[in-house]
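Asker: Got a structure for you, written out below as structure tokens; questions coming shortly.
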Amino acid sequence: MLDVERWAELRREHFVRGVSIKELVRRTGLARNTIRTALRAGESPAFHVPPRCSKLEPFKDEIHRLLSEDPKLPGVRVRELIEPLGFDGGKSIVDDYLRDVRPVFLRPRRYQRTVYRPGEICQWDLWETSRPVPVGHGQDRRAWVVVACLGYSRAGAGALVFSKEAPDVLWGMTRCLWSLGGLPELMVWDREGCLHACRGRPTESYAAFCGQLPVGWLFCEPADPQAKGCVERLQGYMETNFEPGRRFANHLDFQLQLDHWFEKANARTHKTLRERPIDRLIEERALMRPLPEREPDTDRRWVMRVPPDPHVRFDTVDYSLDPELVGRRVDVRVTQREVIAVALDTGKLACRHERSFARNRTITALEHARALRVGRGERGDELLVEQRPLSVYDQLIA
């Protein structure tokens, strides 16, 4: 079949320039009947395919009904519901049609750019590291970073924690606020389990934390990360710029490198603001409420009676206690750096250990081990070892 350009050329040569059919056959190499048919045709040749009914056509009304009831109904489920009605098509035809028709039933969401006043808001998120963090003794642990971002200056801060429990998350928030140097009017979180009770209400520990500062709180709606886009973008920048290509000796080295990274990130020119967050932070601090003299108490505390085996267990680690306090009650306090216990009746220090994030360990203070051995009737002094003069060994060698 001739294309449109070839057909037009033949008609122009024959009717306008008077070229015979025989000459056209010689020039083009086409058959005589083909040229005659083209010259007699009143319109350009075209390839017509008779329309065929799609396999999905008889079931479109049912698909519309299903989407009107649930606009987010998955394509797999739609195909399962229309197969008993006689549909025998494949997955692609259903998915392609749903991609075109779903926006009619699903109301698209639109977003606006929000401008914040200095000191108005601070957005928060909990970001899990892509790989475990070393904690010493050949162990690695799953870790999270509490990330904060001020709405006006876009200045950020982060704190490493090893659980999603309220004491650790609240400690991370405290560290971030003290790094930023001021208190915002409102703190925005998604519905984190340790902070959100239900229906937009905070847990008792989070409400007490906000009351000590004091600051307000706001929880985003479910599945609505766009409501705190500032911290989400900062978190995305951390995932692509902080972790790749770095190695960490332990959790302290991780926090140190994280602090240095935030110093660099806050000093870069922000793409949206066209300014450096550190410069805007100076302006924002002047309008933010000052930090209280003391940090909020976020430590874990409980009272226990010292057992015959004088140890206190926390996070699978056993810490030794003073054996002289066996049977007496002590107040145990666990911070992010230390484990401290004090006798309730006398105020005597029962223990002070550096907190270990490595699991399944037993940490015993030397004075506790000696006191326990003395209490059991064993000698408290060290065994003496005879030390011979070096001249004796010289004589043996000679």
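Labeling convention for the structure tokens: chains A, B, ... as they appear, residues from 1 per chain, ligands from 1 in order of appearance.
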Do a neighbour search on His137 in chain A at 10 Å with only C-alpha atoms, toss out local chain neighbours closer than 4 positions, and write the hits as a PyMOL selection string.
Answerer: chain A and resi 250+356-359+361
Asker: Save the residues we just selected, N, CA and C atoms, as a PDB file, in the first residue's frame?
Answerer:
ATOM      1  N   ASN A 250      32.260   3.777  67.730  1.00  0.00           N
ATOM      2  CA  ASN A 250      31.247   3.416  68.719  1.00  0.00           C
ATOM      3  C   ASN A 250      30.154   4.468  68.690  1.00  0.00           C
ATOM      4  N   SER A 356      26.496   0.765  79.846  1.00  0.00           N
ATOM      5  CA  SER A 356      26.958  -0.031  78.708  1.00  0.00           C
ATOM      6  C   SER A 356      25.783  -0.306  77.780  1.00  0.00           C
ATOM      7  N   PHE A 357      25.969  -0.001  76.499  1.00  0.00           N
ATOM      8  CA  PHE A 357      24.940  -0.299  75.506  1.00  0.00           C
ATOM      9  C   PHE A 357      25.162  -1.668  74.867  1.00  0.00           C
ATOM     10  N   ALA A 358      26.291  -2.296  75.148  1.00  0.00           N
ATOM     11  CA  ALA A 358      26.488  -3.689  74.725  1.00  0.00           C
ATOM     12  C   ALA A 358      25.650  -4.602  75.620  1.00  0.00           C
ATOM     13  N   ARG A 359      25.084  -5.610  75.045  1.00  0.00           N
ATOM     14  CA  ARG A 359      24.127  -6.454  75.764  1.00  0.00           C
ATOM     15  C   ARG A 359      24.803  -7.643  76.443  1.00  0.00           C
ATOM     16  N   ARG A 361      26.048  -8.359  79.483  1.00  0.00           N
ATOM     17  CA  ARG A 361      27.329  -8.205  80.164  1.00  0.00           C
ATOM     18  C   ARG A 361      27.093  -8.110  81.666  1.00  0.00           C
TER      19      ARG A 361
END
Asker: Got a sec: who's within 9 Å of Arg285 in chain A, counting only C-alpha atoms, leaving out chain neighbours fewer than 6 positions off, as a PDB file with N, CA and C atoms, in the first residue's frame?
Answerer:
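Contents of out_6.pdb, as written:
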ATOM      1  N   PRO A 118       9.595  33.448  63.281  1.00  0.00           N
ATOM      2  CA  PRO A 118      10.743  33.009  64.089  1.00  0.00           C
ATOM      3  C   PRO A 118      10.294  32.477  65.445  1.00  0.00           C
ATOM      4  N   GLY A 119      10.778  31.301  65.789  1.00  0.00           N
ATOM      5  CA  GLY A 119      10.447  30.697  67.070  1.00  0.00           C
ATOM      6  C   GLY A 119       9.062  30.115  67.155  1.00  0.00           C
ATOM      7  N   LEU A 180      20.021  23.728  69.794  1.00  0.00           N
ATOM      8  CA  LEU A 180      19.450  24.841  69.035  1.00  0.00           C
ATOM      9  C   LEU A 180      19.468  26.136  69.837  1.00  0.00           C
ATOM     10  N   GLY A 181      19.447  26.046  71.157  1.00  0.00           N
ATOM     11  CA  GLY A 181      19.626  27.232  71.983  1.00  0.00           C
ATOM     12  C   GLY A 181      18.371  27.991  72.323  1.00  0.00           C
ATOM     13  N   GLY A 182      17.197  27.404  72.222  1.00  0.00           N
ATOM     14  CA  GLY A 182      15.968  28.105  72.575  1.00  0.00           C
ATOM     15  C   GLY A 182      14.768  27.186  72.500  1.00  0.00           C
ATOM     16  N   LEU A 183      13.620  27.701  72.960  1.00  0.00           N
ATOM     17  CA  LEU A 183      12.383  26.927  72.983  1.00  0.00           C
ATOM     18  C   LEU A 183      11.395  27.484  71.965  1.00  0.00           C
TER      19      LEU A 183
END
Asker: Would you please extract all strand (DSSP E or B) residues from range 149-275 of chain A, as assigned by DSSP on the backbone, and give them as a ChimeraX atom specification?
Answerer: /A:149-150,156-161,183,186-189,196-198,201-202,216-219
Asker: Go ahead and write the residues just picked, C-alpha atoms, as a PDB file, in the first residue's frame.
Answerer:
ATOM      1  CA  CYS A 149      14.264  21.193  62.534  1.00  0.00           C
ATOM      2  CA  LEU A 150      13.132  24.761  63.244  1.00  0.00           C
ATOM      3  CA  GLY A 156      18.632  21.174  62.582  1.00  0.00           C
ATOM      4  CA  ALA A 157      20.009  19.004  65.368  1.00  0.00           C
ATOM      5  CA  GLY A 158      20.107  15.284  66.124  1.00  0.00           C
ATOM      6  CA  ALA A 159      20.668  12.887  69.021  1.00  0.00           C
ATOM      7  CA  LEU A 160      21.452   9.169  68.873  1.00  0.00           C
ATOM      8  CA  VAL A 161      19.278   6.798  70.947  1.00  0.00           C
ATOM      9  CA  LEU A 183      12.383  26.927  72.983  1.00  0.00           C
ATOM     10  CA  LEU A 186       4.985  24.515  69.275  1.00  0.00           C
ATOM     11  CA  MET A 187       6.571  21.089  68.771  1.00  0.00           C
ATOM     12  CA  VAL A 188       5.164  18.986  65.933  1.00  0.00           C
ATOM     13  CA  TRP A 189       5.421  15.179  65.918  1.00  0.00           C
ATOM     14  CA  HIS A 196       0.979   9.982  71.397  1.00  0.00           C
ATOM     15  CA  ALA A 197      -1.747   8.428  73.547  1.00  0.00           C
ATOM     16  CA  CYS A 198      -4.785   8.646  71.244  1.00  0.00           C
ATOM     17  CA  ARG A 201      -3.508  13.633  73.100  1.00  0.00           C
ATOM     18  CA  PRO A 202       0.008  13.194  74.533  1.00  0.00           C
ATOM     19  CA  GLY A 216       2.999  23.332  73.194  1.00  0.00           C
ATOM     20  CA  TRP A 217       2.529  20.124  71.220  1.00  0.00           C
ATOM     21  CA  LEU A 218       0.786  19.090  68.023  1.00  0.00           C
ATOM     22  CA  PHE A 219       0.395  15.642  66.446  1.00  0.00           C
TER      23      PHE A 219
END
Asker: Can you pull out the residues contacting Glu338 in chain A? Cut-off 6 Å, using only C-alpha atoms, and skip same-chain residues under 6 positions away; I want them as a count of residues only.
Answerer: 3
Asker: Might you pull out every residue within 12 Å of Gln336 in chain A, with only C-alpha atoms counted and same-chain residues fewer than 3 positions away left off, and present them as a PyMOL selection string?
Answerer: chain A and resi 159-163+167-172+174-175+251-252+297-300+333+339-340+353-357
Asker: So, counting only C-alpha atoms, which residue among A:Arg154, A:Glu185, A:Val392, A:Asp315 is closest to Lys271 in chain A?
Answerer: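 Checking each of A:Arg154, A:Glu185, A:Val392, A:Asp315 against Lys271 in chain A, counting only C-alpha atoms, the winner is A:Arg154.
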Asker: Using DSSP on the backbone coordinates, identify the residues of range 109-183 of chain A assigned to alpha helix (DSSP H); present them as JSON, numbers by chain.
Answerer: {"A": [166, 167, 168, 169, 170, 171, 172, 173, 174, 175, 176, 177, 178, 179, 180]}
Asker: What does the structure give for the distance between CA of Pro134 in chain A and CA of Ala249 in chain A, in Å to one decimal?
Answerer: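 If I compute the distance from CA of Pro134 in chain A to CA of Ala249 in chain A, I get 6.5 Å.
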Asker: Would you kindly return, as JSON, numbers by chain, each protein, DNA or RNA residue with an atom no farther than 6 Å from any atom of range 275-281 of chain A, considering only C-alpha atoms and excluding same-chain residues fewer than 4 positions away?
Answerer: {"A": [153, 154, 155, 266, 267, 268, 269, 270, 285]}
Asker: With the cut-off set at 7 Å and counting only C-alpha atoms, tabulate each residue of range 97-208 of chain A with an atom at most that distance from an atom of range 225-248 of chain A, showing the nearest atom pair and its distance in Å to one decimal, ordered by chain and increasing number, as a tab-separated table.
Answerer:
residue	atom	partner	partner_atom	distance
A:Gln123	CA	A:Val231	CA	5.9
A:Trp124	CA	A:Val231	CA	6.3
A:Asp125	CA	A:Val231	CA	6.8
A:Pro134	CA	A:Phe248	CA	6.9
A:Ala148	CA	A:Val231	CA	6.6
A:Cys149	CA	A:Val231	CA	5.3
A:Gly151	CA	A:Cys230	CA	6.7
Asker: For the selection just defined, write its residues with N, CA and C atoms to a file, as an mmCIF file, in the first residue's frame.
Answerer:
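And here's again.cif as it stands now:
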data_model
loop_
_atom_site.group_PDB
_atom_site.id
_atom_site.type_symbol
_atom_site.label_atom_id
_atom_site.label_comp_id
_atom_site.auth_asym_id
_atom_site.auth_seq_id
_atom_site.Cartn_x
_atom_site.Cartn_y
_atom_site.Cartn_z
ATOM 1 N N GLN A 123 9.789 21.065 64.181
ATOM 2 C CA GLN A 123 9.289 19.776 63.717
ATOM 3 C C GLN A 123 10.271 18.678 64.113
ATOM 4 N N TRP A 124 9.711 17.496 64.427
ATOM 5 C CA TRP A 124 10.507 16.385 64.954
ATOM 6 C C TRP A 124 10.220 15.115 64.175
ATOM 7 N N ASP A 125 11.223 14.242 64.165
ATOM 8 C CA ASP A 125 11.035 12.928 63.559
ATOM 9 C C ASP A 125 12.042 11.960 64.165
ATOM 10 N N PRO A 134 28.012 0.461 66.127
ATOM 11 C CA PRO A 134 28.877 -0.260 67.077
ATOM 12 C C PRO A 134 28.756 0.319 68.488
ATOM 13 N N ALA A 148 15.527 17.181 64.879
ATOM 14 C CA ALA A 148 14.749 18.399 65.086
ATOM 15 C C ALA A 148 15.072 19.394 63.984
ATOM 16 N N CYS A 149 14.067 20.166 63.563
ATOM 17 C CA CYS A 149 14.264 21.193 62.534
ATOM 18 C C CYS A 149 13.346 22.368 62.842
ATOM 19 N N GLY A 151 11.220 25.651 62.030
ATOM 20 C CA GLY A 151 10.487 26.012 60.826
ATOM 21 C C GLY A 151 10.993 27.263 60.151
#
Asker: Restricting the calculation to only C-alpha atoms: of A:Asp61, A:Glu295, A:Glu128, A:Asp331, which residue gets closest to Met173 in chain A?
Answerer: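 Smallest separation from Met173 in chain A among the options: A:Glu295.
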